[in-house]
>>> print(open('query-v8.txt').read())   # compact mmCIF, C-alpha atoms
# COMPACT_ATOMS: atom_id res chain seq x y z
CA MET A 1336 64.55 103.43 51.24
CA GLN A 1337 66.80 103.23 54.28
CA ALA A 1338 67.54 99.75 55.62
CA LEU A 1339 69.23 98.78 58.88
CA SER A 1340 72.26 96.49 58.84
CA LYS A 1341 71.92 93.12 60.59
CA GLU A 1342 73.85 94.54 63.55
CA ASP A 1343 71.55 97.54 63.80
CA MET A 1344 68.49 95.29 63.57
CA ALA A 1345 69.80 93.27 66.52
CA ARG A 1346 70.63 96.53 68.32
CA ARG A 1347 67.06 97.77 67.80
CA VAL A 1348 65.54 94.62 69.35
CA ALA A 1349 68.01 94.84 72.23
CA ARG A 1350 66.68 98.30 73.12
CA ASP A 1351 63.29 96.75 73.93
CA ILE A 1352 64.56 93.94 76.18
CA PRO A 1353 63.70 95.14 79.69
CA ASP A 1354 65.72 94.77 82.85
CA GLY A 1355 65.01 91.49 84.63
CA ALA A 1356 63.63 89.64 81.61
CA TYR A 1357 64.01 85.91 80.98
CA VAL A 1358 64.75 85.73 77.27
CA ASN A 1359 65.16 83.04 74.63
CA LEU A 1360 66.96 84.04 71.44
CA GLY A 1361 66.50 81.91 68.33
CA ILE A 1362 69.27 80.54 66.15
CA GLY A 1363 70.99 82.97 63.75
CA MET A 1364 70.39 86.71 63.77
CA PRO A 1365 68.32 86.69 67.01
CA THR A 1366 71.32 85.28 68.92
CA GLN A 1367 73.18 88.53 68.13
CA VAL A 1368 70.65 90.56 70.17
CA ALA A 1369 72.49 89.60 73.38
CA ASN A 1370 75.57 91.48 72.15
CA TYR A 1371 73.70 94.78 72.25
CA VAL A 1372 71.64 94.70 75.44
CA SER A 1373 72.96 97.52 77.58
CA ASP A 1374 75.10 96.51 80.56
CA ASP A 1375 72.86 98.26 83.05
CA ARG A 1376 70.10 95.73 82.31
CA HIS A 1377 70.18 92.36 83.95
CA VAL A 1378 68.80 89.87 81.44
CA ILE A 1379 68.80 86.09 81.92
CA TYR A 1380 69.15 84.07 78.74
CA HIS A 1381 67.54 80.66 78.37
CA SER A 1382 68.81 78.01 75.99
CA GLU A 1383 66.35 75.23 75.07
CA ASN A 1384 68.92 72.48 75.62
CA GLY A 1385 68.82 73.19 79.34
CA ILE A 1386 70.56 76.38 80.45
CA LEU A 1387 69.43 79.50 82.30
CA GLY A 1388 72.07 82.20 82.58
CA VAL A 1389 73.85 81.62 79.27
CA GLY A 1390 77.09 83.60 79.14
CA PRO A 1391 79.35 84.64 76.27
CA ALA A 1392 81.52 82.33 74.18
CA PRO A 1393 84.45 80.80 76.10
CA ALA A 1394 88.07 81.76 75.41
CA PRO A 1395 89.73 79.44 72.88
CA GLY A 1396 90.84 76.27 74.62
CA GLU A 1397 88.34 76.77 77.48
CA GLU A 1398 85.40 75.07 75.75
CA ASN A 1399 83.40 72.46 77.63
CA PRO A 1400 82.26 69.99 74.92
CA ASP A 1401 78.81 69.58 76.54
CA LEU A 1402 78.22 73.28 77.16
CA ILE A 1403 76.64 74.53 73.94
CA ASN A 1404 73.63 76.67 73.04
CA ALA A 1405 70.67 75.80 70.81
CA GLY A 1406 72.72 76.85 67.78
CA LYS A 1407 75.35 74.26 68.82
CA GLN A 1408 77.94 76.97 69.60
CA PHE A 1409 80.13 76.75 72.70
CA VAL A 1410 78.94 79.04 75.51
CA THR A 1411 79.65 79.66 79.19
CA LEU A 1412 77.44 79.82 82.27
CA LEU A 1413 77.15 83.07 84.24
CA PRO A 1414 77.30 83.04 88.06
CA GLY A 1415 73.83 82.10 89.30
CA GLY A 1416 73.07 80.17 86.15
CA CYS A 1417 71.96 76.54 86.17
CA TYR A 1418 71.36 73.42 84.11
CA PHE A 1419 68.23 71.29 83.75
CA ASP A 1420 66.87 68.57 81.53
CA ASN A 1421 64.72 68.83 78.40
CA ALA A 1422 61.45 68.38 80.29
CA ASP A 1423 62.13 71.32 82.63
CA SER A 1424 63.44 73.42 79.78
CA PHE A 1425 60.29 72.96 77.72
CA ALA A 1426 58.12 73.49 80.78
CA MET A 1427 59.72 76.94 80.92
CA MET A 1428 59.05 77.49 77.22
CA ARG A 1429 55.59 75.96 76.81
CA GLY A 1430 54.43 76.87 80.29
CA GLY A 1431 54.63 80.64 79.81
CA HIS A 1432 57.65 81.26 82.02
CA LEU A 1433 59.79 83.08 79.47
CA ASP A 1434 59.12 86.81 79.15
CA ILE A 1435 60.37 87.23 75.60
CA ALA A 1436 61.40 85.04 72.69
CA VAL A 1437 63.02 86.45 69.57
CA LEU A 1438 62.82 84.24 66.48
CA GLY A 1439 63.71 84.53 62.84
CA ALA A 1440 61.00 83.84 60.24
CA PHE A 1441 60.32 83.09 56.59
CA GLN A 1442 56.91 84.76 56.73
CA VAL A 1443 54.55 86.46 59.18
CA SER A 1444 50.85 87.05 58.53
CA ALA A 1445 48.72 90.07 59.37
CA SER A 1446 47.16 88.13 62.24
CA GLY A 1447 50.50 87.09 63.70
CA ASP A 1448 50.80 83.62 62.18
CA LEU A 1449 54.44 82.60 62.10
CA ALA A 1450 56.11 80.48 59.39
CA SER A 1451 59.71 79.75 60.32
CA TRP A 1452 60.47 76.06 59.98
CA ALA A 1453 59.75 74.85 56.46
CA THR A 1454 59.25 76.09 52.95
CA ASN A 1455 57.05 74.18 50.53
CA ASP A 1456 60.11 72.25 49.32
CA LEU A 1457 59.79 68.84 50.96
CA SER A 1458 62.71 67.28 49.10
CA GLU A 1459 64.86 68.09 52.14
CA PRO A 1460 63.98 66.63 55.54
CA PRO A 1461 62.16 69.34 57.51
CA ALA A 1462 63.46 70.46 60.92
CA VAL A 1463 61.47 72.27 63.61
CA GLY A 1464 63.45 72.03 66.84
CA GLY A 1465 61.86 74.02 69.67
CA ALA A 1466 60.33 76.79 67.55
CA MET A 1467 56.73 75.57 67.87
CA ASP A 1468 57.00 75.32 71.66
CA LEU A 1469 58.43 78.85 71.94
CA ALA A 1470 55.77 80.14 69.56
CA VAL A 1471 52.90 79.01 71.79
CA GLY A 1472 54.62 79.47 75.12
CA ALA A 1473 56.63 82.68 75.27
CA ARG A 1474 54.69 85.53 76.89
CA ARG A 1475 55.87 87.86 74.17
CA LEU A 1476 57.02 86.65 70.76
CA CYS A 1477 59.12 88.96 68.62
CA VAL A 1478 60.22 88.24 65.08
CA LEU A 1479 63.50 89.61 63.76
CA MET A 1480 63.82 89.31 59.99
CA LYS A 1481 64.49 91.17 56.77
CA HIS A 1482 61.36 92.88 55.46
CA CYS A 1483 61.62 91.11 52.08
CA THR A 1484 63.21 87.98 50.66
CA ARG A 1485 66.45 88.11 48.70
CA ASP A 1486 64.32 88.38 45.56
CA GLY A 1487 62.48 91.38 46.99
CA GLU A 1488 59.23 89.48 47.72
CA PRO A 1489 57.31 90.56 50.81
CA LYS A 1490 57.65 88.31 53.87
CA ILE A 1491 54.77 90.03 55.66
CA LEU A 1492 51.60 88.71 54.07
CA PRO A 1493 47.81 88.54 54.54
CA GLU A 1494 48.27 84.76 55.08
CA CYS A 1495 51.49 82.74 55.27
CA GLU A 1496 52.19 80.58 52.22
CA TYR A 1497 54.62 78.32 54.07
CA PRO A 1498 53.71 75.80 56.79
CA LEU A 1499 52.96 77.50 60.11
CA THR A 1500 55.07 77.36 63.24
CA GLY A 1501 52.19 78.80 65.25
CA LYS A 1502 48.85 80.52 64.68
CA GLY A 1503 48.34 84.07 65.90
CA VAL A 1504 51.46 83.97 68.04
CA VAL A 1505 53.59 86.96 66.96
CA ASN A 1506 53.38 90.20 68.96
CA ARG A 1507 55.96 92.38 67.24
CA ILE A 1508 57.99 92.31 64.02
CA TYR A 1509 61.39 94.00 63.74
CA THR A 1510 62.69 94.36 60.18
CA ASP A 1511 65.39 96.35 58.44
CA LEU A 1512 62.71 98.86 57.37
CA ALA A 1513 60.27 99.19 60.27
CA VAL A 1514 58.94 97.96 63.59
CA LEU A 1515 55.36 96.63 63.45
CA ASP A 1516 52.92 95.44 66.10
CA VAL A 1517 50.33 92.75 65.51
CA THR A 1518 47.05 94.18 66.87
CA ASP A 1519 43.42 93.10 66.82
CA SER A 1520 42.80 95.63 64.03
CA GLY A 1521 45.82 94.58 61.97
CA LEU A 1522 49.50 95.43 61.61
CA ARG A 1523 50.32 98.78 63.14
CA VAL A 1524 53.52 100.69 62.39
CA VAL A 1525 55.43 101.40 65.61
CA GLU A 1526 58.29 103.15 63.89
CA LEU A 1527 59.83 103.55 60.46
CA VAL A 1528 63.57 103.30 59.92
CA GLY A 1529 65.23 106.64 59.04
CA ASP A 1530 63.14 108.74 56.69
CA ASN A 1531 61.17 105.81 55.29
CA THR A 1532 57.53 106.69 54.69
CA LEU A 1533 54.50 104.54 55.42
CA GLU A 1534 53.76 104.44 51.67
CA GLN A 1535 57.25 103.17 50.85
CA VAL A 1536 57.13 100.43 53.46
CA GLN A 1537 53.54 99.55 52.52
CA ALA A 1538 54.69 99.03 48.92
CA VAL A 1539 56.94 96.14 50.01
CA THR A 1540 54.49 94.70 52.56
CA GLY A 1541 51.86 92.16 51.51
CA ALA A 1542 49.35 93.08 54.23
CA PRO A 1543 47.80 96.49 54.98
CA LEU A 1544 49.67 98.66 57.51
CA LEU A 1545 48.01 100.99 59.98
CA PRO A 1546 49.75 104.32 60.71
CA PRO A 1547 51.52 104.79 64.05
CA GLU A 1548 49.25 105.66 66.96
CA SER A 1549 49.63 109.35 67.70
CA MET B 328 73.66 42.90 96.17
CA ILE B 329 72.83 45.38 93.49
CA ASN B 330 75.60 45.84 90.97
CA LYS B 331 74.63 47.48 87.68
CA ILE B 332 78.15 48.02 86.41
CA GLY B 333 78.45 46.47 82.97
CA SER B 334 81.63 44.77 81.85
CA SER B 335 81.83 46.36 78.39
CA MET B 336 80.01 48.53 75.86
CA ALA B 337 79.69 45.51 73.56
CA GLU B 338 78.06 43.34 76.21
CA ALA B 339 75.74 46.14 77.30
CA VAL B 340 74.29 46.78 73.82
CA SER B 341 73.95 43.07 73.01
CA VAL B 342 70.40 43.31 74.45
CA VAL B 343 69.32 45.34 71.39
CA LYS B 344 67.45 43.14 68.91
CA ASP B 345 66.36 43.57 65.29
CA GLY B 346 63.33 45.86 65.08
CA ASP B 347 63.86 47.46 68.50
CA VAL B 348 62.92 51.03 69.35
CA VAL B 349 66.06 52.73 70.69
CA MET B 350 66.17 56.13 72.35
CA ILE B 351 69.52 57.91 72.21
CA GLY B 352 70.28 60.90 74.44
CA GLY B 353 72.05 64.08 73.38
CA PHE B 354 71.49 67.48 71.83
CA GLY B 355 73.75 68.55 68.98
CA SER B 356 77.24 67.49 70.05
CA SER B 357 76.36 67.55 73.76
CA GLY B 358 75.68 64.59 76.04
CA ILE B 359 75.68 61.90 73.36
CA PRO B 360 76.59 58.31 74.36
CA LEU B 361 79.03 58.03 71.47
CA GLU B 362 80.72 54.84 72.68
CA LEU B 363 77.42 53.02 73.18
CA ILE B 364 76.36 54.07 69.68
CA GLU B 365 79.64 52.76 68.27
CA ALA B 366 79.14 49.48 70.11
CA LEU B 367 75.58 49.31 68.74
CA ARG B 368 76.88 49.93 65.23
CA ARG B 369 79.30 47.02 65.59
CA HIS B 370 76.55 44.81 67.07
CA ALA B 371 74.58 45.79 63.92
CA PRO B 372 70.92 44.99 64.68
CA LYS B 373 68.58 45.74 61.75
CA ASP B 374 65.34 47.69 61.30
CA LEU B 375 65.83 49.93 64.31
CA THR B 376 63.57 52.83 65.17
CA ILE B 377 65.82 55.58 66.54
CA ILE B 378 64.39 58.35 68.70
CA SER B 379 66.74 61.27 69.33
CA ASN B 380 66.69 65.05 69.06
CA ASN B 381 69.11 65.15 66.12
CA ALA B 382 70.26 62.69 63.49
CA GLY B 383 74.03 62.86 63.84
CA VAL B 384 76.57 64.77 61.78
CA ALA B 385 79.27 63.60 59.37
CA GLU B 386 80.05 59.93 60.13
CA GLU B 387 79.49 60.31 63.89
CA GLY B 388 76.95 58.81 66.23
CA ILE B 389 73.49 58.25 64.76
CA ALA B 390 74.84 59.20 61.32
CA SER B 391 76.98 56.04 61.39
CA LEU B 392 73.88 53.91 62.12
CA LEU B 393 72.06 55.53 59.19
CA ARG B 394 75.10 55.00 56.96
CA ASP B 395 75.34 51.33 57.87
CA GLY B 396 71.67 50.80 57.03
CA LEU B 397 70.59 49.77 60.53
CA VAL B 398 67.75 52.29 60.80
CA ARG B 399 64.23 51.70 59.49
CA LYS B 400 62.66 54.76 61.10
CA MET B 401 64.06 58.00 62.53
CA MET B 402 62.10 60.23 64.91
CA CYS B 403 63.62 63.59 65.82
CA SER B 404 63.00 67.34 66.04
CA PHE B 405 66.01 68.77 64.22
CA PRO B 406 67.69 66.58 61.59
CA ARG B 407 69.25 69.44 59.66
CA SER B 408 72.32 70.34 61.66
CA LYS B 409 75.27 71.27 59.50
CA GLY B 410 76.74 68.05 58.14
CA SER B 411 73.71 65.79 58.71
CA VAL B 412 74.43 64.17 55.36
CA TRP B 413 73.39 60.59 56.08
CA LEU B 414 69.91 61.49 57.28
CA GLN B 415 69.45 63.65 54.18
CA LYS B 416 70.69 60.88 51.91
CA ARG B 417 68.45 58.20 53.45
CA TYR B 418 65.48 60.58 53.47
CA LYS B 419 65.92 61.56 49.84
CA GLU B 420 66.33 58.00 48.61
CA GLY B 421 63.23 57.05 50.63
CA SER B 422 64.95 54.18 52.42
CA ILE B 423 63.89 55.29 55.90
CA GLU B 424 60.66 56.37 57.48
CA PHE B 425 61.01 59.83 59.02
CA GLU B 426 58.82 61.43 61.68
CA LEU B 427 59.38 65.03 62.66
CA VAL B 428 58.28 65.90 66.21
CA PRO B 429 58.51 69.37 67.81
CA GLN B 430 61.24 69.22 70.43
CA GLY B 431 59.05 69.87 73.46
CA THR B 432 56.47 67.37 72.26
CA LEU B 433 59.19 64.77 71.68
CA GLY B 434 60.49 65.34 75.20
CA GLU B 435 57.05 65.28 76.79
CA ARG B 436 56.03 62.11 74.94
CA ILE B 437 59.14 60.48 76.37
CA ARG B 438 58.47 61.90 79.83
CA ALA B 439 54.83 60.75 79.70
CA ALA B 440 55.91 57.19 78.87
CA GLY B 441 58.27 57.15 81.83
CA ALA B 442 55.61 58.61 84.11
CA GLY B 443 52.93 56.08 83.17
CA LEU B 444 50.73 58.48 81.21
CA ALA B 445 49.08 57.37 77.97
CA ALA B 446 48.74 60.78 76.35
CA PHE B 447 48.51 64.51 76.97
CA TYR B 448 47.17 67.67 75.32
CA THR B 449 49.72 70.27 74.22
CA PRO B 450 49.20 73.68 72.57
CA THR B 451 52.39 73.12 70.57
CA ALA B 452 51.81 72.63 66.82
CA TYR B 453 48.07 73.36 67.09
CA GLY B 454 46.86 74.61 63.70
CA THR B 455 50.04 73.46 61.92
CA LEU B 456 51.02 70.68 59.52
CA LEU B 457 52.49 68.66 62.39
CA ALA B 458 49.07 68.40 64.04
CA GLU B 459 47.29 67.15 60.92
CA GLY B 460 45.28 64.01 61.50
CA LYS B 461 45.64 64.31 65.26
CA GLU B 462 42.81 64.68 67.73
CA THR B 463 42.41 68.26 68.96
CA ARG B 464 40.37 69.79 71.74
CA GLU B 465 39.71 73.21 73.21
CA PHE B 466 40.38 74.01 76.85
CA ASN B 467 39.48 77.50 78.09
CA GLY B 468 39.21 78.75 74.52
CA ARG B 469 42.63 77.55 73.45
CA GLY B 470 43.39 74.74 71.00
CA TYR B 471 45.40 71.69 72.02
CA VAL B 472 46.70 68.60 70.23
CA LEU B 473 46.54 65.09 71.70
CA GLU B 474 49.95 63.46 71.76
CA THR B 475 50.68 59.93 72.94
CA ALA B 476 53.44 58.51 75.12
CA LEU B 477 56.60 57.27 73.43
CA HIS B 478 58.15 54.08 74.82
CA ALA B 479 61.40 52.39 73.87
CA ASP B 480 62.88 48.94 74.17
CA VAL B 481 66.29 50.34 75.02
CA ALA B 482 67.59 53.81 75.95
CA LEU B 483 71.26 54.66 75.45
CA ILE B 484 72.20 57.65 77.58
CA ARG B 485 75.32 59.43 78.77
CA GLY B 486 76.07 60.52 82.30
CA GLU B 487 79.13 62.02 83.95
CA LYS B 488 79.44 59.94 87.11
CA GLY B 489 77.58 56.74 87.91
CA ASP B 490 77.55 54.16 90.69
CA ALA B 491 76.67 50.48 91.03
CA TRP B 492 73.09 51.37 91.96
CA GLY B 493 72.68 53.25 88.67
CA ASN B 494 72.57 56.76 90.16
CA LEU B 495 73.80 59.33 87.67
CA THR B 496 75.05 62.90 87.45
CA TYR B 497 75.63 64.85 84.24
CA ASN B 498 78.07 67.38 82.82
CA THR B 499 76.46 70.83 82.36
CA ALA B 500 74.06 70.91 79.37
CA GLY B 501 74.94 67.29 78.58
CA ARG B 502 71.84 66.43 80.58
CA ASN B 503 69.24 67.34 77.88
CA PHE B 504 67.13 64.26 76.94
CA ASN B 505 69.16 61.75 78.95
CA PRO B 506 67.20 61.83 82.24
CA SER B 507 63.76 61.49 80.62
CA MET B 508 64.86 58.78 78.19
CA ALA B 509 66.19 56.81 81.17
CA THR B 510 62.61 56.57 82.43
CA ALA B 511 60.92 55.60 79.17
CA ALA B 512 62.71 52.41 78.11
CA ARG B 513 62.44 48.79 79.26
CA THR B 514 66.24 48.70 79.46
CA THR B 515 68.38 51.79 80.10
CA ILE B 516 72.11 51.70 79.53
CA ALA B 517 74.24 54.62 80.70
CA GLU B 518 77.72 55.43 79.42
CA VAL B 519 79.67 57.34 82.08
CA LYS B 520 83.01 59.06 82.33
CA GLN B 521 83.61 57.94 85.88
CA ILE B 522 82.33 55.21 88.18
CA VAL B 523 82.27 56.03 91.88
CA GLU B 524 81.54 54.00 95.02
CA VAL B 525 77.92 53.73 96.16
CA GLY B 526 77.47 56.54 98.69
CA ASP B 527 80.02 58.84 97.11
CA LEU B 528 77.53 60.82 95.02
CA ASP B 529 75.93 63.71 96.88
CA PRO B 530 72.28 62.57 97.15
CA GLU B 531 71.18 66.18 96.48
CA ALA B 532 73.14 66.14 93.23
CA VAL B 533 71.86 62.85 91.80
CA VAL B 534 69.86 63.77 88.69
CA THR B 535 68.82 60.31 87.55
CA PRO B 536 67.93 57.99 90.45
CA GLY B 537 69.26 54.47 89.94
CA ILE B 538 65.80 52.91 89.72
CA PHE B 539 65.63 54.14 86.10
CA VAL B 540 68.97 52.64 85.07
CA ASP B 541 69.79 48.99 84.32
CA THR B 542 73.44 49.10 83.30
CA VAL B 543 76.26 51.59 83.86
CA VAL B 544 79.30 51.25 81.61
CA LEU B 545 82.55 53.14 81.95
CA GLN B 546 83.85 54.79 78.78
CA GLU B 547 86.52 52.52 77.36
CA GLY B 548 87.96 54.60 74.51
CA LEU B 549 86.01 52.64 71.91
CA LEU B 550 86.20 55.40 69.34
CA ASP B 551 89.95 55.91 69.77
CA ALA B 552 90.46 52.18 69.26
CA SER B 553 88.33 52.08 66.12
CA ALA B 554 90.60 54.42 64.16
>>> encode(input="query-v8.txt", output="structure tokens")
Amino acid sequence: MQALSKEDMARRVARDIPDGAYVNLGIGMPTQVANYVSDDRHVIYHSENGILGVGPAPAPGEENPDLINAGKQFVTLLPGGCYFDNADSFAMMRGGHLDIAVLGAFQVSASGDLASWATNDLSEPPAVGGAMDLAVGARRLCVLMKHCTRDGEPKILPECEYPLTGKGVVNRIYTDLAVLDVTDSGLRVVELVGDNTLEQVQAVTGAPLLPPES
Amino acid sequence: MINKIGSSMAEAVSVVKDGDVVMIGGFGSSGIPLELIEALRRHAPKDLTIISNNAGVAEEGIASLLRDGLVRKMMCSFPRSKGSVWLQKRYKEGSIEFELVPQGTLGERIRAAGAGLAAFYTPTAYGTLLAEGKETREFNGRGYVLETALHADVALIRGEKGDAWGNLTYNTAGRNFNPSMATAARTTIAEVKQIVEVGDLDPEAVVTPGIFVDTVVLQEGLLDASA
């Protein structure tokens, strides 16, 4: 089966970010999406710690110690950008003001349940950050993740086995093998990577897949 | 005459008593009152409840309070930043109580306390482990969780500029939890980089009005001196 590289996965999500969108990108792979959004689209990035208009990383030596993103990396502010406190930032997130959020995930269920913050191993202190607020608040929630775990187990399941981040919150799943939409009738294939067939992708997916709408 | 300028970090944090609930501003490495935390560590009150977004990394900030055994309970949203070894150690050995709160809920509980609200309903965490045992209710067909206000005895925050009336500005994203924590504690102490004359701050640019602040202390290089 053909599988996209991490860069190409981020590039694929970037294609769907429309001009004028207010977007929050989660820690890790989702952050890379910003690198691939075409220059002719004006997208405003939100960072949960209180920034709208997040710009690229600063040149070495130009870092402002307080100007970081949610992943704790140094960033810059674009012209027109602004700062605000936690309460305003989460009003934007929880209050439905962000057009799109892109998050990573451990598991996604057929009904769009998202599990992204904890496994069932509670020997380590769990961490959730702002994921639950984004999950309920973003107008459109996209998941960007590998289709299967490192051990080849499906991450798309009838029900999540790990603790939920949000219930019925995911709209679209981008993986290295396919793009899927969460619909009222189940998971529908939007596109398959390369020459992958529905049967091949179904074989590594825990929940039933509906064929693309013709 | 109102003069909220404190004489030293040590004097400012001497109000913290054993068993106090202490809010500490900051997000990751940004906007943390590191000198106030160091002064608190030296003051060494016991059995503290610390409320902050993160739990400190390496030997810095809140991590140093955990290391020194001053913390009975930690409340935060993201204790697993790279290098958060002391929180992990204390958690694993079971020597602290740990409460995980989604970041927006943590912030809103703090905001509610400062705004005189007892509780609020949020859709965040509905149907998840973090809502277990909590009262829930439906509004317009959507599920919400009841969350209560979070008060503190003392808030330690960091501003950029401050004046004798307690008015504060911040540096970029260093704002984060600092303004809301300032409202939610009985005593709020602000560490600032610069103290200016009353009237020098642009009133349009004041982020935290002085009414929420009790003491403003100028950074004194406490961490450089402790080497």
>>> atom_distance(input="query-v8.txt", atom1="atom CA of Gly355 of chain B", atom2="atom CA of Val544 of chain B")
22.1 Å
>>> atom_distance(input="query-v8.txt", atom1="atom CA of Met1428 of chain A", atom2="atom CA of Tyr471 of chain B")
15.7 Å
>>> atom_distance(input="query-v8.txt", atom1="atom CA of Val543 of chain B", atom2="atom CA of Pro506 of chain B")
13.8 Å
>>> residues_around(input="query-v8.txt", residues="Ser1382 of chain A", least_positions_apart="5", cutoff="10 Å", atoms="all atoms listed in the file", output="short mmCIF file (atom, residue, chain, number, x, y, z; two decimals) with C-alpha atoms, in the coordinates of the input")
data_model
loop_
_atom_site.label_atom_id
_atom_site.label_comp_id
_atom_site.auth_asym_id
_atom_site.auth_seq_id
_atom_site.Cartn_x
_atom_site.Cartn_y
_atom_site.Cartn_z
CA VAL A 1358 64.75 85.73 77.27
CA ASN A 1359 65.16 83.04 74.63
CA LEU A 1360 66.96 84.04 71.44
CA GLY A 1361 66.50 81.91 68.33
CA LEU A 1387 69.43 79.50 82.30
CA GLY A 1388 72.07 82.20 82.58
CA VAL A 1389 73.85 81.62 79.27
CA ILE A 1403 76.64 74.53 73.94
CA ASN A 1404 73.63 76.67 73.04
CA ALA A 1405 70.67 75.80 70.81
CA GLY A 1406 72.72 76.85 67.78
CA TYR A 1418 71.36 73.42 84.11
CA SER A 1424 63.44 73.42 79.78
CA MET A 1428 59.05 77.49 77.22
CA ALA B 500 74.06 70.91 79.37
#
>>> interface_residues(input="query-v8.txt", of="chain A", to="chain B", cutoff="9 Å", atoms="all atoms listed in the file", output="VMD selection string")
chain A and resid 1383 to 1386 1399 to 1407 1417 to 1422 1424 to 1426 1428 to 1429 1458 to 1472 1498 to 1502
>>> residues_around(input="query-v8.txt", residues="Met1480 of chain A", least_positions_apart="4", cutoff="9 Å", atoms="all atoms listed in the file", output="list in words")
Lys1341, Met1344, Met1364, Pro1365, Leu1438, Gly1439, Ala1440, Phe1441, Gln1442, Lys1490, Ile1508, Tyr1509, Thr1510 and Asp1511 of chain A
>>> closest_atom_pairs(input="query-v8.txt", of="segment 329-441 of chain B", to="segment 472-489 of chain B", cutoff="12 Å", atoms="only C-alpha atoms", output="CSV")
residue,atom,partner,partner_atom,distance
B:Asn330,CA,B:Gly489,CA,11.5
B:Lys331,CA,B:Gly489,CA,9.7
B:Ile332,CA,B:Gly489,CA,8.9
B:Gly333,CA,B:Gly489,CA,11.4
B:Met336,CA,B:Leu483,CA,10.7
B:Ala339,CA,B:Leu483,CA,9.8
B:Val340,CA,B:Leu483,CA,8.6
B:Ser341,CA,B:Val481,CA,10.8
B:Val342,CA,B:Val481,CA,8.2
B:Val343,CA,B:Val481,CA,6.9
B:Lys344,CA,B:Asp480,CA,9.1
B:Asp345,CA,B:Asp480,CA,10.9
B:Gly346,CA,B:Asp480,CA,9.6
B:Asp347,CA,B:Asp480,CA,5.9
B:Val348,CA,B:Ala479,CA,5.0
B:Val349,CA,B:Val481,CA,5.0
B:Met350,CA,B:Ala482,CA,4.5
B:Ile351,CA,B:Leu483,CA,4.9
B:Gly352,CA,B:Ile484,CA,4.9
B:Gly353,CA,B:Ile484,CA,7.7
B:Phe354,CA,B:Arg485,CA,11.3
B:Ser357,CA,B:Arg485,CA,9.6
B:Gly358,CA,B:Arg485,CA,5.8
B:Ile359,CA,B:Arg485,CA,6.0
B:Pro360,CA,B:Arg485,CA,4.7
B:Leu361,CA,B:Arg485,CA,8.3
B:Glu362,CA,B:Arg485,CA,9.3
B:Leu363,CA,B:Leu483,CA,6.8
B:Ile364,CA,B:Leu483,CA,7.7
B:Glu365,CA,B:Leu483,CA,11.2
B:Ala366,CA,B:Leu483,CA,10.8
B:Leu367,CA,B:Leu483,CA,9.6
B:Leu375,CA,B:Asp480,CA,10.3
B:Thr376,CA,B:Ala479,CA,9.0
B:Ile377,CA,B:Ala479,CA,9.1
B:Ile378,CA,B:Ala479,CA,8.4
B:Ser379,CA,B:Ala482,CA,10.0
B:Gly388,CA,B:Leu483,CA,11.6
B:Ile389,CA,B:Leu483,CA,11.5
B:Met402,CA,B:Leu477,CA,10.6
B:Val428,CA,B:Glu474,CA,10.3
B:Pro429,CA,B:Glu474,CA,11.1
B:Gly431,CA,B:Glu474,CA,11.3
B:Thr432,CA,B:Glu474,CA,7.6
B:Leu433,CA,B:Leu477,CA,8.1
B:Gly434,CA,B:Leu477,CA,9.1
B:Glu435,CA,B:Ala476,CA,7.9
B:Arg436,CA,B:Ala476,CA,4.4
B:Ile437,CA,B:Leu477,CA,5.0
B:Arg438,CA,B:Ala476,CA,7.7
B:Ala439,CA,B:Ala476,CA,5.3
B:Ala440,CA,B:Ala476,CA,4.7
B:Gly441,CA,B:His478,CA,7.7
